[in-house]
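Q: Just so it is clear, I am handing over structure-v8.pdb, which has PDB, C-alpha atoms, pLDDT in the B column.
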```pdb
ATOM      1  CA  MET O   1     112.407 148.026 137.333  1.00 85.00           C
ATOM      2  CA  VAL O   2     116.032 148.937 136.808  1.00 90.00           C
ATOM      3  CA  VAL O   3     118.026 146.987 134.232  1.00 88.00           C
ATOM      4  CA  ASN O   4     121.826 147.108 134.201  1.00 93.00           C
ATOM      5  CA  LEU O   5     123.228 145.987 130.860  1.00 94.00           C
ATOM      6  CA  PRO O   6     126.791 145.123 129.940  1.00 96.00           C
ATOM      7  CA  PRO O   7     128.411 147.728 127.667  1.00 96.00           C
ATOM      8  CA  ASP O   8     127.850 145.808 124.428  1.00 97.00           C
ATOM      9  CA  LEU O   9     124.112 145.439 125.058  1.00 95.00           C
ATOM     10  CA  ALA O  10     123.785 149.039 126.241  1.00 95.00           C
ATOM     11  CA  GLU O  11     125.426 150.118 122.971  1.00 96.00           C
ATOM     12  CA  PHE O  12     122.983 147.971 120.998  1.00 95.00           C
ATOM     13  CA  VAL O  13     120.051 149.610 122.812  1.00 95.00           C
ATOM     14  CA  SER O  14     121.490 153.048 122.024  1.00 95.00           C
ATOM     15  CA  GLN O  15     121.863 152.114 118.358  1.00 95.00           C
ATOM     16  CA  GLN O  16     118.285 150.849 118.193  1.00 95.00           C
ATOM     17  CA  LEU O  17     116.970 154.059 119.734  1.00 96.00           C
ATOM     18  CA  ALA O  18     119.123 156.210 117.424  1.00 96.00           C
ATOM     19  CA  SER O  19     117.833 154.326 114.382  1.00 96.00           C
ATOM     20  CA  GLY O  20     114.263 155.194 115.312  1.00 95.00           C
ATOM     21  CA  ARG O  21     113.268 151.552 115.371  1.00 93.00           C
ATOM     22  CA  HIS O  22     112.122 151.958 118.980  1.00 94.00           C
ATOM     23  CA  ALA O  23     110.725 155.060 120.606  1.00 94.00           C
ATOM     24  CA  SER O  24     112.026 154.237 124.071  1.00 95.00           C
ATOM     25  CA  GLU O  25     114.060 151.794 126.102  1.00 94.00           C
ATOM     26  CA  ASP O  26     110.805 150.511 127.605  1.00 94.00           C
ATOM     27  CA  GLU O  27     109.412 149.732 124.151  1.00 96.00           C
ATOM     28  CA  LEU O  28     112.591 147.905 123.159  1.00 95.00           C
ATOM     29  CA  VAL O  29     112.629 145.813 126.354  1.00 94.00           C
ATOM     30  CA  CYS O  30     108.933 144.948 125.940  1.00 95.00           C
ATOM     31  CA  GLU O  31     109.554 143.776 122.371  1.00 95.00           C
ATOM     32  CA  ALA O  32     112.554 141.709 123.470  1.00 94.00           C
ATOM     33  CA  VAL O  33     110.613 140.043 126.295  1.00 94.00           C
ATOM     34  CA  ARG O  34     107.667 139.302 123.992  1.00 96.00           C
ATOM     35  CA  ALA O  35     110.048 137.750 121.454  1.00 96.00           C
ATOM     36  CA  MET O  36     111.544 135.582 124.205  1.00 95.00           C
ATOM     37  CA  GLN O  37     108.077 134.487 125.334  1.00 96.00           C
ATOM     38  CA  GLN O  38     107.140 133.578 121.763  1.00 95.00           C
ATOM     39  CA  ARG O  39     110.383 131.666 121.225  1.00 94.00           C
ATOM     40  CA  ARG O  40     109.868 129.676 124.429  1.00 94.00           C
ATOM     41  CA  GLN O  41     106.262 128.887 123.485  1.00 95.00           C
ATOM     42  CA  THR O  42     107.314 127.766 120.010  1.00 94.00           C
ATOM     43  CA  LEU O  43     110.049 125.520 121.438  1.00 91.00           C
ATOM     44  CA  LYS O  44     107.617 124.058 123.983  1.00 91.00           C
ATOM     45  CA  GLU O  45     105.131 123.269 121.208  1.00 92.00           C
ATOM     46  CA  MET O  46     107.852 121.682 119.067  1.00 87.00           C
ATOM     47  CA  ILE O  47     109.006 119.508 121.970  1.00 83.00           C
ATOM     48  CA  GLU O  48     105.454 118.431 122.786  1.00 85.00           C
ATOM     49  CA  GLU O  49     104.820 117.645 119.119  1.00 85.00           C
ATOM     50  CA  GLY O  50     108.003 115.594 118.887  1.00 79.00           C
ATOM     51  CA  LEU O  51     107.256 113.652 122.049  1.00 77.00           C
ATOM     52  CA  ALA O  52     103.705 112.922 120.889  1.00 80.00           C
ATOM     53  CA  ASP O  53     104.876 111.666 117.478  1.00 78.00           C
ATOM     54  CA  PRO O  54     104.800 107.857 117.450  1.00 73.00           C
ATOM     55  CA  GLU O  55     107.440 107.917 114.714  1.00 75.00           C
ATOM     56  CA  ASN O  56     110.073 109.604 116.869  1.00 70.00           C
ATOM     57  CA  ASP O  57     113.056 107.595 117.977  1.00 66.00           C
ATOM     58  CA  LEU O  58     114.018 109.800 120.898  1.00 63.00           C
ATOM     59  CA  VAL O  59     113.375 107.114 123.509  1.00 65.00           C
ATOM     60  CA  LEU O  60     115.862 104.304 123.895  1.00 65.00           C
ATOM     61  CA  GLU O  61     114.156 101.310 125.452  1.00 70.00           C
ATOM     62  CA  ASP O  62     117.069  99.600 127.172  1.00 77.00           C
ATOM     63  CA  ASP O  63     120.801  99.660 127.907  1.00 80.00           C
ATOM     64  CA  ALA O  64     121.622  97.758 124.715  1.00 82.00           C
ATOM     65  CA  ALA O  65     119.870 100.404 122.613  1.00 76.00           C
ATOM     66  CA  LEU O  66     121.694 103.137 124.518  1.00 78.00           C
ATOM     67  CA  ASP O  67     125.047 101.393 124.008  1.00 83.00           C
ATOM     68  CA  GLU O  68     124.318 101.031 120.290  1.00 85.00           C
ATOM     69  CA  PHE O  69     123.391 104.713 120.050  1.00 81.00           C
ATOM     70  CA  PHE O  70     126.667 105.827 121.644  1.00 85.00           C
ATOM     71  CA  LYS O  71     128.672 103.358 119.554  1.00 88.00           C
ATOM     72  CA  GLY O  72     127.122 104.895 116.441  1.00 86.00           C
ATOM     73  CA  LEU O  73     128.087 108.372 117.614  1.00 85.00           C
ATOM     74  CA  ALA O  74     131.642 107.233 118.331  1.00 87.00           C
ATOM     75  CA  ASP O  75     131.874 105.636 114.878  1.00 84.00           C
ATOM     76  CA  GLU O  76     130.653 108.866 113.258  1.00 84.00           C
ATOM     77  CA  LEU O  77     133.190 110.928 115.189  1.00 82.00           C
ATOM     78  CA  THR O  78     135.972 108.547 114.199  1.00 78.00           C
ATOM     79  CA  SER O  79     135.033 108.672 110.522  1.00 74.00           C
ATOM     80  CA  VAL O  80     134.799 112.487 110.573  1.00 68.00           C
ATOM     81  CA  SER O  81     138.144 112.903 112.329  1.00 64.00           C
ATOM     82  CA  HIS O  82     139.852 110.691 109.736  1.00 62.00           C
ATOM     83  CA  SER O  83     138.361 112.565 106.774  1.00 54.00           C
TER      84      SER O  83
END
```
What's the structure tokens form of this structure?

A:
Amino acid sequence: MVVNLPPDLAEFVSQQLASGRHASEDELVCEAVRAMQQRRQTLKEMIEEGLADPENDLVLEDDAALDEFFKGLADELTSVSHS
């Protein structure tokens, strides 16, 4: 696999290698991919937990509830912009 990085990320990789934190570019990329996998898994679990929670109010049942939700957002934006 060949990875072409933009200059800022290539510089970061060079700095990480120079610091001794990683022994090789391969090691650094493996750690980064594992961190991404873990982050995605954690987010997936959080979403599933939130959707399974009967206390969540993420679902709006009808158009009236949706209209009320957006009206509340608009009111909040108006009050913040006038502060």

Q: Tell me, in Å to one decimal, how far CA of Asp26 in chain O is from CA of Val2 in chain O.

A: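 CA of Val2 in chain O lies 10.7 Å from CA of Asp26 in chain O.
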
Q: Give the answer as one residue: which of O:Asp63, O:Leu5, O:Glu68, O:Glu48 has the shortest atom-to-atom distance to Val29 in chain O, using all atoms listed in the file?

A: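 Looking at the shortest contact to Val29 in chain O, the residue is O:Leu5.
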
Q: Please compute the CA of Gly72 in chain O-CA of Lys44 in chain O distance, one decimal, in Å.

A: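 These atoms are spaced 28.4 Å apart.
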
Q: Between CA of Arg40 in chain O and CA of Val3 in chain O, what is the distance, to one decimal in Å?

A: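 These atoms are spaced 21.5 Å apart.
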
Q: Report as a PDB file with C-alpha atoms, in the frame of the given file all protein, DNA and RNA residues lying within 12 Å of Phe12 in chain O, evaluated on only C-alpha atoms, omitting residues in the same chain fewer than 4 positions from it.

A:
```
ATOM      1  CA  LEU O   5     123.228 145.987 130.860  1.00 94.00           C
ATOM      2  CA  PRO O   6     126.791 145.123 129.940  1.00 96.00           C
ATOM      3  CA  PRO O   7     128.411 147.728 127.667  1.00 96.00           C
ATOM      4  CA  ASP O   8     127.850 145.808 124.428  1.00 97.00           C
ATOM      5  CA  GLN O  16     118.285 150.849 118.193  1.00 95.00           C
ATOM      6  CA  LEU O  17     116.970 154.059 119.734  1.00 96.00           C
ATOM      7  CA  ALA O  18     119.123 156.210 117.424  1.00 96.00           C
ATOM      8  CA  SER O  19     117.833 154.326 114.382  1.00 96.00           C
ATOM      9  CA  ARG O  21     113.268 151.552 115.371  1.00 93.00           C
ATOM     10  CA  HIS O  22     112.122 151.958 118.980  1.00 94.00           C
ATOM     11  CA  GLU O  25     114.060 151.794 126.102  1.00 94.00           C
ATOM     12  CA  LEU O  28     112.591 147.905 123.159  1.00 95.00           C
ATOM     13  CA  VAL O  29     112.629 145.813 126.354  1.00 94.00           C
TER      14      VAL O  29
END
```

Q: Once you add 6 Å to each side, what are the centre and edge lengths of the axis-aligned box holding all listed atoms of range 41-50 of chain O? One decimal in Å, as JSON, if you can.

A:
```
{"center_x": 107.4, "center_y": 122.2, "center_z": 121.4, "size_x": 17.2, "size_y": 25.3, "size_z": 17.1}
```

Q: Atoms are missing here; could range 7-38 of chain O be completed with N, CA and C atoms and written as a CSV table (one decimal), keeping the file's coordinate frame?

A:
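Result went into result.csv, see below:
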```csv
chain,number,residue,atom,x,y,z
O,7,PRO,N,128.2,146.7,128.7
O,7,PRO,CA,128.4,147.7,127.7
O,7,PRO,C,128.0,147.4,126.2
O,8,ASP,N,128.2,146.2,125.8
O,8,ASP,CA,127.8,145.8,124.4
O,8,ASP,C,126.3,145.8,124.2
O,9,LEU,N,125.6,145.4,125.2
O,9,LEU,CA,124.1,145.4,125.1
O,9,LEU,C,123.6,146.9,125.2
O,10,ALA,N,124.2,147.6,126.1
O,10,ALA,CA,123.8,149.0,126.2
O,10,ALA,C,124.0,149.8,124.9
O,11,GLU,N,125.1,149.5,124.3
O,11,GLU,CA,125.4,150.1,123.0
O,11,GLU,C,124.4,149.7,121.9
O,12,PHE,N,124.0,148.4,121.9
O,12,PHE,CA,123.0,148.0,121.0
O,12,PHE,C,121.7,148.7,121.2
O,13,VAL,N,121.3,148.9,122.5
O,13,VAL,CA,120.1,149.6,122.8
O,13,VAL,C,120.2,151.0,122.3
O,14,SER,N,121.3,151.7,122.5
O,14,SER,CA,121.5,153.0,122.0
O,14,SER,C,121.4,153.1,120.5
O,15,GLN,N,121.9,152.1,119.8
O,15,GLN,CA,121.9,152.1,118.4
O,15,GLN,C,120.4,151.9,117.9
O,16,GLN,N,119.7,151.1,118.6
O,16,GLN,CA,118.3,150.8,118.2
O,16,GLN,C,117.5,152.1,118.4
O,17,LEU,N,117.7,152.8,119.5
O,17,LEU,CA,117.0,154.1,119.7
O,17,LEU,C,117.4,155.1,118.7
O,18,ALA,N,118.6,155.2,118.4
O,18,ALA,CA,119.1,156.2,117.4
O,18,ALA,C,118.6,155.9,116.0
O,19,SER,N,118.3,154.7,115.7
O,19,SER,CA,117.8,154.3,114.4
O,19,SER,C,116.4,154.7,114.2
O,20,GLY,N,115.7,154.9,115.4
O,20,GLY,CA,114.3,155.2,115.3
O,20,GLY,C,113.4,153.9,115.3
O,21,ARG,N,114.0,152.8,115.4
O,21,ARG,CA,113.3,151.6,115.4
O,21,ARG,C,112.4,151.4,116.6
O,22,HIS,N,112.9,152.0,117.7
O,22,HIS,CA,112.1,152.0,119.0
O,22,HIS,C,112.1,153.4,119.5
O,23,ALA,N,110.9,153.7,120.1
O,23,ALA,CA,110.7,155.1,120.6
O,23,ALA,C,111.3,155.2,122.0
O,24,SER,N,111.5,154.1,122.7
O,24,SER,CA,112.0,154.2,124.1
O,24,SER,C,112.7,152.9,124.5
O,25,GLU,N,113.5,153.0,125.5
O,25,GLU,CA,114.1,151.8,126.1
O,25,GLU,C,113.0,150.8,126.6
O,26,ASP,N,111.9,151.4,127.1
O,26,ASP,CA,110.8,150.5,127.6
O,26,ASP,C,110.2,149.7,126.5
O,27,GLU,N,110.0,150.4,125.3
O,27,GLU,CA,109.4,149.7,124.2
O,27,GLU,C,110.3,148.6,123.7
O,28,LEU,N,111.6,148.9,123.6
O,28,LEU,CA,112.6,147.9,123.2
O,28,LEU,C,112.6,146.7,124.1
O,29,VAL,N,112.6,146.9,125.4
O,29,VAL,CA,112.6,145.8,126.4
O,29,VAL,C,111.3,145.0,126.2
O,30,CYS,N,110.2,145.7,126.1
O,30,CYS,CA,108.9,144.9,125.9
O,30,CYS,C,109.0,144.1,124.7
O,31,GLU,N,109.5,144.6,123.6
O,31,GLU,CA,109.6,143.8,122.4
O,31,GLU,C,110.5,142.6,122.6
O,32,ALA,N,111.6,142.8,123.2
O,32,ALA,CA,112.6,141.7,123.5
O,32,ALA,C,111.9,140.6,124.4
O,33,VAL,N,111.2,141.0,125.4
O,33,VAL,CA,110.6,140.0,126.3
O,33,VAL,C,109.5,139.3,125.6
O,34,ARG,N,108.7,140.0,124.8
O,34,ARG,CA,107.7,139.3,124.0
O,34,ARG,C,108.3,138.3,123.0
O,35,ALA,N,109.4,138.7,122.4
O,35,ALA,CA,110.0,137.8,121.5
O,35,ALA,C,110.5,136.5,122.2
O,36,MET,N,111.1,136.7,123.4
O,36,MET,CA,111.5,135.6,124.2
O,36,MET,C,110.4,134.7,124.6
O,37,GLN,N,109.3,135.3,125.0
O,37,GLN,CA,108.1,134.5,125.3
O,37,GLN,C,107.6,133.7,124.1
O,38,GLN,N,107.6,134.3,123.0
O,38,GLN,CA,107.1,133.6,121.8
O,38,GLN,C,108.1,132.4,121.4
```
